[in-house]
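Student: Take a look at entry.pdb, PDB, C-alpha atoms:
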ATOM      1  CA  MET A   1     112.531  81.463   4.500
ATOM      2  CA  SER A   2     115.490  79.921   6.282
ATOM      3  CA  GLN A   3     115.510  76.301   7.384
ATOM      4  CA  SER A   4     115.358  77.348  11.026
ATOM      5  CA  ASP A   5     111.978  78.983  10.322
ATOM      6  CA  SER A   6     110.435  75.930   8.662
ATOM      7  CA  HIS A   7     108.581  74.768  11.797
ATOM      8  CA  PRO A   8     106.907  76.902  14.471
ATOM      9  CA  ASP A   9     108.380  76.521  17.915
ATOM     10  CA  ALA A  10     107.064  78.317  20.958
ATOM     11  CA  LEU A  11     109.060  81.154  22.421
ATOM     12  CA  PRO A  12     108.625  82.360  26.005
ATOM     13  CA  GLN A  13     105.871  84.919  26.503
ATOM     14  CA  ASP A  14     108.038  87.066  28.822
ATOM     15  CA  GLY A  15     105.106  88.049  30.962
ATOM     16  CA  LEU A  16     102.767  88.942  28.095
ATOM     17  CA  PRO A  17      99.098  87.944  28.367
ATOM     18  CA  GLN A  18      98.420  84.358  27.328
ATOM     19  CA  ASP A  19      96.180  83.781  24.284
ATOM     20  CA  ALA A  20      96.009  87.477  23.397
ATOM     21  CA  SER A  21      93.771  88.022  20.378
ATOM     22  CA  LEU A  22      95.506  89.344  17.250
ATOM     23  CA  LEU A  23      94.152  90.330  13.846
ATOM     24  CA  ILE A  24      96.160  89.514  10.707
ATOM     25  CA  VAL A  25      95.045  91.478   7.639
ATOM     26  CA  GLU A  26      96.795  89.833   4.677
ATOM     27  CA  ASP A  27      95.461  88.805   1.263
ATOM     28  CA  GLU A  28      98.190  86.256   0.460
ATOM     29  CA  PRO A  29      96.920  83.017   2.063
ATOM     30  CA  LYS A  30     100.318  81.357   2.490
ATOM     31  CA  ILE A  31     101.818  84.408   4.227
ATOM     32  CA  ALA A  32      98.747  84.867   6.436
ATOM     33  CA  ARG A  33      98.734  81.200   7.427
ATOM     34  CA  LEU A  34     102.474  81.213   8.155
ATOM     35  CA  MET A  35     102.163  84.236  10.456
ATOM     36  CA  ALA A  36      99.112  82.748  12.148
ATOM     37  CA  ASP A  37     100.839  79.407  12.780
ATOM     38  CA  TYR A  38     103.868  81.002  14.398
ATOM     39  CA  LEU A  39     101.800  83.391  16.494
ATOM     40  CA  GLN A  40      99.500  80.598  17.617
ATOM     41  CA  SER A  41     102.475  78.452  18.599
ATOM     42  CA  ASN A  42     103.618  81.363  20.750
ATOM     43  CA  HIS A  43     100.353  81.464  22.702
ATOM     44  CA  PHE A  44      98.535  84.135  20.712
ATOM     45  CA  ALA A  45      95.061  83.736  19.205
ATOM     46  CA  PRO A  46      95.233  85.081  15.632
ATOM     47  CA  SER A  47      92.331  85.767  13.284
ATOM     48  CA  ILE A  48      92.796  86.358   9.542
ATOM     49  CA  ILE A  49      91.035  88.812   7.229
ATOM     50  CA  SER A  50      91.982  88.969   3.541
ATOM     51  CA  HIS A  51      89.870  91.903   2.295
ATOM     52  CA  GLY A  52      90.279  95.491   3.428
ATOM     53  CA  ASN A  53      86.565  96.243   3.473
ATOM     54  CA  GLU A  54      85.988  93.621   6.177
ATOM     55  CA  VAL A  55      88.411  95.065   8.747
ATOM     56  CA  ILE A  56      86.423  97.919  10.340
ATOM     57  CA  PRO A  57      83.206  95.862  10.696
ATOM     58  CA  TRP A  58      85.246  93.064  12.305
ATOM     59  CA  LEU A  59      86.884  95.472  14.759
ATOM     60  CA  THR A  60      83.525  96.828  15.868
ATOM     61  CA  GLN A  61      82.653  93.303  17.019
ATOM     62  CA  HIS A  62      86.011  92.212  18.468
ATOM     63  CA  SER A  63      88.765  93.652  20.662
ATOM     64  CA  PRO A  64      92.175  92.368  19.508
ATOM     65  CA  ALA A  65      95.330  93.284  21.376
ATOM     66  CA  LEU A  66      97.115  94.179  18.134
ATOM     67  CA  VAL A  67      96.614  94.370  14.355
ATOM     68  CA  LEU A  68      99.110  93.184  11.730
ATOM     69  CA  LEU A  69      98.101  95.204   8.686
ATOM     70  CA  ASP A  70      99.374  94.648   5.155
ATOM     71  CA  VAL A  71      99.692  97.764   2.990
ATOM     72  CA  MET A  72      98.509  96.254  -0.306
ATOM     73  CA  LEU A  73      94.994  94.844   0.051
ATOM     74  CA  PRO A  74      91.881  94.407  -2.085
ATOM     75  CA  GLY A  75      89.201  96.922  -1.198
ATOM     76  CA  LYS A  76      90.472  99.441   1.342
ATOM     77  CA  ASP A  77      94.269  99.522   1.358
ATOM     78  CA  GLY A  78      96.324  99.300   4.533
ATOM     79  CA  LEU A  79      97.171 103.008   4.662
ATOM     80  CA  THR A  80      93.502 103.989   4.564
ATOM     81  CA  LEU A  81      92.667 101.377   7.176
ATOM     82  CA  CYS A  82      95.450 102.576   9.478
ATOM     83  CA  ARG A  83      93.994 106.091   9.424
ATOM     84  CA  GLU A  84      90.491 104.810  10.151
ATOM     85  CA  ILE A  85      91.653 102.534  12.970
ATOM     86  CA  ARG A  86      93.616 105.382  14.550
ATOM     87  CA  GLN A  87      90.518 107.581  14.486
ATOM     88  CA  GLN A  88      88.200 105.021  16.055
ATOM     89  CA  TRP A  89      90.599 102.994  18.239
ATOM     90  CA  PRO A  90      93.539 105.330  18.993
ATOM     91  CA  LYS A  91      95.172 102.956  21.490
ATOM     92  CA  LEU A  92      95.035  99.793  19.380
ATOM     93  CA  PRO A  93      98.618  98.845  18.410
ATOM     94  CA  ILE A  94      99.202  98.500  14.664
ATOM     95  CA  ILE A  95     102.147  96.823  12.928
ATOM     96  CA  MET A  96     102.235  97.598   9.218
ATOM     97  CA  VAL A  97     103.535  94.993   6.764
ATOM     98  CA  THR A  98     105.076  96.461   3.623
ATOM     99  CA  ALA A  99     107.248  95.503   0.662
ATOM    100  CA  LYS A 100     108.267  99.140   0.140
ATOM    101  CA  VAL A 101     111.183 100.203   2.335
ATOM    102  CA  GLU A 102     110.752 103.830   1.265
ATOM    103  CA  GLU A 103     107.363 103.915   3.048
ATOM    104  CA  VAL A 104     108.828 103.161   6.486
ATOM    105  CA  ASP A 105     108.874 106.748   7.806
ATOM    106  CA  ARG A 106     105.312 107.292   6.692
ATOM    107  CA  LEU A 107     104.142 104.052   8.241
ATOM    108  CA  LEU A 108     105.790 104.796  11.573
ATOM    109  CA  GLY A 109     103.960 108.025  12.084
ATOM    110  CA  LEU A 110     104.766 110.788   9.655
ATOM    111  CA  GLU A 111     101.334 110.286   8.148
ATOM    112  CA  LEU A 112      99.598 107.428   9.898
ATOM    113  CA  GLY A 113     100.836 106.763  13.424
ATOM    114  CA  ALA A 114     101.583 103.042  13.144
ATOM    115  CA  ASP A 115     103.471 101.541  16.083
ATOM    116  CA  ASP A 116     105.928  99.454  14.075
ATOM    117  CA  TYR A 117     106.558  97.943  10.659
ATOM    118  CA  ILE A 118     107.763  94.719   9.068
ATOM    119  CA  CYS A 119     109.261  94.616   5.588
ATOM    120  CA  LYS A 120     108.674  91.711   3.191
ATOM    121  CA  PRO A 121     110.250  89.225   2.854
ATOM    122  CA  PHE A 122     110.463  88.510   6.580
ATOM    123  CA  SER A 123     111.202  85.685   8.972
ATOM    124  CA  PRO A 124     108.197  84.401  10.948
ATOM    125  CA  ARG A 125     110.367  84.710  14.043
ATOM    126  CA  GLU A 126     110.711  88.418  13.327
ATOM    127  CA  VAL A 127     106.931  88.743  13.247
ATOM    128  CA  VAL A 128     106.648  87.114  16.676
ATOM    129  CA  ALA A 129     109.443  89.291  18.074
ATOM    130  CA  ARG A 130     107.918  92.515  16.740
ATOM    131  CA  VAL A 131     104.469  91.616  18.078
ATOM    132  CA  LYS A 132     105.891  90.910  21.525
ATOM    133  CA  ALA A 133     107.928  94.132  21.505
ATOM    134  CA  VAL A 134     104.922  96.298  20.631
ATOM    135  CA  LEU A 135     102.724  94.580  23.208
ATOM    136  CA  ARG A 136     105.409  95.075  25.861
ATOM    137  CA  ARG A 137     105.465  98.796  25.091
ATOM    138  CA  SER A 138     101.672  98.892  25.295
ATOM    139  CA  HIS A 139     101.648  97.282  28.732
ATOM    140  CA  ALA A 140     104.786  98.947  30.104
ATOM    141  CA  ALA A 141     102.960 101.724  31.976
ATOM    142  CA  ALA A 142     101.355  99.280  34.405
ATOM    143  CA  GLN A 143     104.784  98.099  35.566
ATOM    144  CA  LEU A 144     106.446 101.477  36.055
ATOM    145  CA  ASP A 145     106.603 103.858  38.998
ATOM    146  CA  ILE A 146     105.998 107.381  37.727
ATOM    147  CA  PRO A 147     107.643 110.070  39.925
ATOM    148  CA  SER A 148     105.359 112.056  42.206
ATOM    149  CA  THR A 149     106.264 115.241  40.333
ATOM    150  CA  ALA A 150     104.671 113.730  37.242
ATOM    151  CA  LYS A 151     101.548 112.635  39.106
ATOM    152  CA  LYS A 152     100.945 116.219  40.294
ATOM    153  CA  ALA A 153     101.512 117.685  36.843
ATOM    154  CA  PRO A 154      98.725 118.913  34.542
ATOM    155  CA  VAL A 155      99.250 115.728  32.532
ATOM    156  CA  THR A 156      99.072 112.497  34.536
ATOM    157  CA  LEU A 157      99.447 108.842  33.673
ATOM    158  CA  ASP A 158      96.919 106.195  34.649
ATOM    159  CA  GLU A 159      99.203 103.190  34.787
ATOM    160  CA  GLU A 160      96.588 100.449  35.098
ATOM    161  CA  GLY A 161      94.309 101.900  32.447
ATOM    162  CA  TRP A 162      97.222 102.852  30.154
ATOM    163  CA  GLN A 163      95.859 106.376  29.793
ATOM    164  CA  ALA A 164      97.398 109.825  29.691
ATOM    165  CA  LEU A 165      95.045 112.370  31.254
ATOM    166  CA  ALA A 166      94.950 116.158  30.992
ATOM    167  CA  ASP A 167      92.463 117.720  33.416
ATOM    168  CA  GLY A 168      90.894 114.291  33.634
ATOM    169  CA  GLN A 169      90.486 114.038  29.862
ATOM    170  CA  ASP A 170      91.892 110.968  28.121
ATOM    171  CA  LEU A 171      94.337 112.152  25.453
ATOM    172  CA  GLY A 172      93.872 108.982  23.374
ATOM    173  CA  LEU A 173      97.592 108.377  22.842
ATOM    174  CA  THR A 174      99.037 105.620  20.677
ATOM    175  CA  ALA A 175     101.521 103.191  22.222
ATOM    176  CA  VAL A 176     104.511 105.114  20.870
ATOM    177  CA  GLU A 177     103.119 108.494  21.962
ATOM    178  CA  PHE A 178     102.468 107.119  25.453
ATOM    179  CA  GLN A 179     106.005 105.738  25.581
ATOM    180  CA  LEU A 180     107.503 109.089  24.577
ATOM    181  CA  LEU A 181     105.467 110.971  27.162
ATOM    182  CA  ARG A 182     106.292 108.463  29.888
ATOM    183  CA  VAL A 183     110.022 108.701  29.219
ATOM    184  CA  MET A 184     110.035 112.502  29.388
ATOM    185  CA  MET A 185     107.747 112.623  32.432
ATOM    186  CA  GLN A 186     110.180 110.431  34.360
ATOM    187  CA  SER A 187     112.766 113.230  34.116
ATOM    188  CA  PRO A 188     110.978 116.611  34.099
ATOM    189  CA  GLY A 189     113.212 119.355  32.713
ATOM    190  CA  ARG A 190     115.703 116.959  31.182
ATOM    191  CA  ILE A 191     116.411 117.564  27.505
ATOM    192  CA  PHE A 192     116.222 114.386  25.423
ATOM    193  CA  SER A 193     117.869 114.277  22.016
ATOM    194  CA  ARG A 194     115.998 112.626  19.172
ATOM    195  CA  GLU A 195     118.512 109.790  19.253
ATOM    196  CA  GLN A 196     117.858 109.185  22.958
ATOM    197  CA  LEU A 197     114.117 109.138  22.381
ATOM    198  CA  MET A 198     114.544 106.704  19.490
ATOM    199  CA  ASP A 199     116.577 104.422  21.770
ATOM    200  CA  HIS A 200     113.653 104.318  24.202
ATOM    201  CA  MET A 201     111.104 103.746  21.438
ATOM    202  CA  TYR A 202     113.001 101.122  19.446
ATOM    203  CA  ARG A 203     115.322  99.045  21.604
ATOM    204  CA  ASP A 204     116.326  96.726  18.768
ATOM    205  CA  ASN A 205     118.703  99.420  17.421
ATOM    206  CA  ARG A 206     116.990  99.711  14.048
ATOM    207  CA  ILE A 207     117.696 102.764  11.913
ATOM    208  CA  VAL A 208     114.759 105.179  12.038
ATOM    209  CA  SER A 209     114.675 108.710  10.670
ATOM    210  CA  GLU A 210     114.714 111.542  13.218
ATOM    211  CA  ARG A 211     111.703 112.910  11.343
ATOM    212  CA  THR A 212     109.707 110.012  12.742
ATOM    213  CA  VAL A 213     110.385 111.195  16.303
ATOM    214  CA  ASP A 214     109.478 114.752  15.315
ATOM    215  CA  SER A 215     106.195 113.499  13.881
ATOM    216  CA  HIS A 216     105.267 111.560  17.013
ATOM    217  CA  ILE A 217     106.157 114.575  19.189
ATOM    218  CA  LYS A 218     104.088 116.861  16.965
ATOM    219  CA  LYS A 219     101.028 114.638  17.322
ATOM    220  CA  LEU A 220     101.584 114.252  21.070
ATOM    221  CA  ARG A 221     101.847 118.026  21.565
ATOM    222  CA  LYS A 222      98.727 118.603  19.476
ATOM    223  CA  LYS A 223      96.697 116.236  21.658
ATOM    224  CA  ILE A 224      97.954 117.893  24.840
ATOM    225  CA  THR A 225      97.344 121.400  23.482
ATOM    226  CA  GLU A 226      93.757 120.506  22.555
ATOM    227  CA  ALA A 227      93.146 119.585  26.208
ATOM    228  CA  LEU A 228      95.356 122.319  27.738
ATOM    229  CA  PRO A 229      95.343 125.206  25.228
ATOM    230  CA  ASP A 230      97.033 127.670  27.592
ATOM    231  CA  GLN A 231      99.962 125.482  28.618
ATOM    232  CA  GLU A 232     103.107 124.300  26.885
ATOM    233  CA  ILE A 233     103.981 120.946  28.427
ATOM    234  CA  ILE A 234     106.454 119.509  25.919
ATOM    235  CA  ARG A 235     108.994 122.063  24.790
ATOM    236  CA  SER A 236     111.406 122.095  21.889
ATOM    237  CA  VAL A 237     115.031 123.014  22.534
ATOM    238  CA  TYR A 238     116.401 124.279  19.250
ATOM    239  CA  GLY A 239     119.157 122.086  17.838
ATOM    240  CA  VAL A 240     119.042 119.689  20.807
ATOM    241  CA  GLY A 241     115.705 117.912  21.300
ATOM    242  CA  TYR A 242     112.679 117.966  23.575
ATOM    243  CA  LYS A 243     111.808 118.144  27.273
ATOM    244  CA  TYR A 244     108.794 117.754  29.517
ATOM    245  CA  GLN A 245     108.437 120.876  31.631
ATOM    246  CA  PRO A 246     105.011 121.926  32.918
ATOM    247  CA  GLU A 247     104.512 125.599  33.594
ATOM    248  CA  GLY A 248     104.810 126.757  37.165
TER     249      GLY A 248
END
Mind turning the file's structure into structure tokens?
Tutor:
Amino acid sequence: MSQSDSHPDALPQDGLPQDASLLIVEDEPKIARLMADYLQSNHFAPSIISHGNEVIPWLTQHSPALVLLDVMLPGKDGLTLCREIRQQWPKLPIIMVTAKVEEVDRLLGLELGADDYICKPFSPREVVARVKAVLRRSHAAAQLDIPSTAKKAPVTLDEEGWQALADGQDLGLTAVEFQLLRVMMQSPGRIFSREQLMDHMYRDNRIVSERTVDSHIKKLRKKITEALPDQEIIRSVYGVGYKYQPEG
């Protein structure tokens, strides 16, 4: 840890909700306490769990705005927990914490659908920045004007409720899936390259495999197809990328 990270100092909330509840799942007490101190100093309300088997019962009793989830845990590991959380709380943002760089693609959605990741060792400031970035993405829909063409489409966006609806059915999208759909719905018919979609998803210019975008798109299309089996809403353009183009 650098000297500049030795003491928590509050950063501006940039319009994020004050005292948002967060869950830190980390079995190393010093790391968990360090993250909690920095997040608390930045106007979040963190709780700490150190054993994987305690996470799901805790979530059934509480409603955090985001979960910071370590991969290596006693009891249920972080990968198993991410799958279970996604099944029961599909909209709950998850940031995975890992010491294995080679797992990044998997963590971001190829297998699990996490919203972001942090690699150990990390700066506490990075944790705060990543949490804020994911929460901004989660709340972005309420601050955006979706074109009327999108509102009349088979898939619509409920901005205040942060829901994507198909024939009135909530698709249960993750934050990243919602962000992808929103971007494409703003420009119906426009072809977005994978690189362009990554720029919208991850504005900090990190390097992310194009396979991660493909995985998120695949899951998004599956959810839409389950609700609208006779319509192809998101279309692949071979060798180029993807576009939102409702039939008719």
Student: I'd like to see the residues matched by the PyMOL selection byres ((chain A and resi 157-174) around 6) on this file, and ideally I'd get them as a ChimeraX atom specification.
Tutor: /A:90-91,141-142,154-156,175-178
Student: Write the residues of the preceding selection, restricted to C-alpha atoms, as a short mmCIF file (atom, residue, chain, number, x, y, z; two decimals), in the coordinates of the input.
Tutor:
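The file below, out-v7.cif, is the result:
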data_model
loop_
_atom_site.label_atom_id
_atom_site.label_comp_id
_atom_site.auth_asym_id
_atom_site.auth_seq_id
_atom_site.Cartn_x
_atom_site.Cartn_y
_atom_site.Cartn_z
CA PRO A 90 93.54 105.33 18.99
CA LYS A 91 95.17 102.96 21.49
CA ALA A 141 102.96 101.72 31.98
CA ALA A 142 101.36 99.28 34.40
CA PRO A 154 98.72 118.91 34.54
CA VAL A 155 99.25 115.73 32.53
CA THR A 156 99.07 112.50 34.54
CA ALA A 175 101.52 103.19 22.22
CA VAL A 176 104.51 105.11 20.87
CA GLU A 177 103.12 108.49 21.96
CA PHE A 178 102.47 107.12 25.45
#
Student: Considering all atoms listed in the file, state which residue in the set A:Gly239, A:Met96, A:Met201, A:Gln186 is at the smallest distance from Ser138 in chain A.
Tutor: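 The shortest atom-to-atom distance to Ser138 in chain A comes from A:Met201.
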Student: Kindly indicate which residue among A:Leu39, A:Met184, A:Val97, A:Leu34 lies nearest to Leu79 in chain A, using all atoms listed in the file for the distances.
Tutor: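 Under the stated criterion, the closest residue is A:Val97.
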Student: Evaluated on this file, the PyMOL selection byres ((chain A and resi 241) around 7) picks out some residues - which ones are they, written as a list in words?
Tutor: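 On the file shown, the PyMOL selection byres ((chain A and resi 241) around 7) covers Ile191, Phe192, Ser193, Arg194, Ser236, Val237, Tyr238, Gly239, Val240 and Tyr242 of chain A.
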Student: Just checking: using all atoms listed in the file, which residue out of A:Thr225, A:Gln245, A:Ser187, A:Ser215 ends up closest to Ala114 in chain A?
Tutor: A:Ser215
Student: Looking at all atoms listed in the file, which of A:Ile56, A:Ile233, A:Leu81, A:Val67 is the one that sits closest to Pro188 in chain A?
Tutor: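 For Pro188 in chain A, the nearest of the given residues is A:Ile233.
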Student: What is the CA of His200 in chain A to CA of Lys219 in chain A distance in Å?
Tutor: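 These two atoms are separated by 17.7 Å.
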Student: Counting all atoms listed in the file, figure out which residue out of A:Arg33, A:Arg136, A:Lys100, A:Lys76 gets nearest to Glu54 in chain A.
Tutor: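 Of the candidates, the smallest distance to Glu54 in chain A is held by A:Lys76.
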Student: Report the distance between CA of Ala65 in chain A and CA of Ala20 in chain A in Å, rounded to one decimal place.
Tutor: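 Distance between the two atoms: 6.2 Å.
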Student: Applying the PyMOL selection byres ((chain A and resi 69) around 9) to the file I just gave you, which residues come out? Please list them as an NGL selection string.
Tutor: :A and (23-26 or 67-68 or 70-71 or 78-79 or 81-82 or 94-98)
Student: Between CA of Asn42 in chain A and CA of Leu59 in chain A, what is the distance in Å, rounded to a tenth?
Tutor: 22.7 Å
Student: If we count all atoms listed in the file, what is near Thr80 in chain A at a cut-off of 10 Å, once residues fewer than 3 positions away on the same chain are taken out, given as number ranges by chain?
Tutor: A: 52, 71, 76-77, 83-85, 112
Student: Counting all atoms listed in the file, figure out which residue out of A:Leu22, A:Ile49, A:Val183, A:Ala99 gets nearest to Ser63 in chain A.
Tutor: A:Leu22
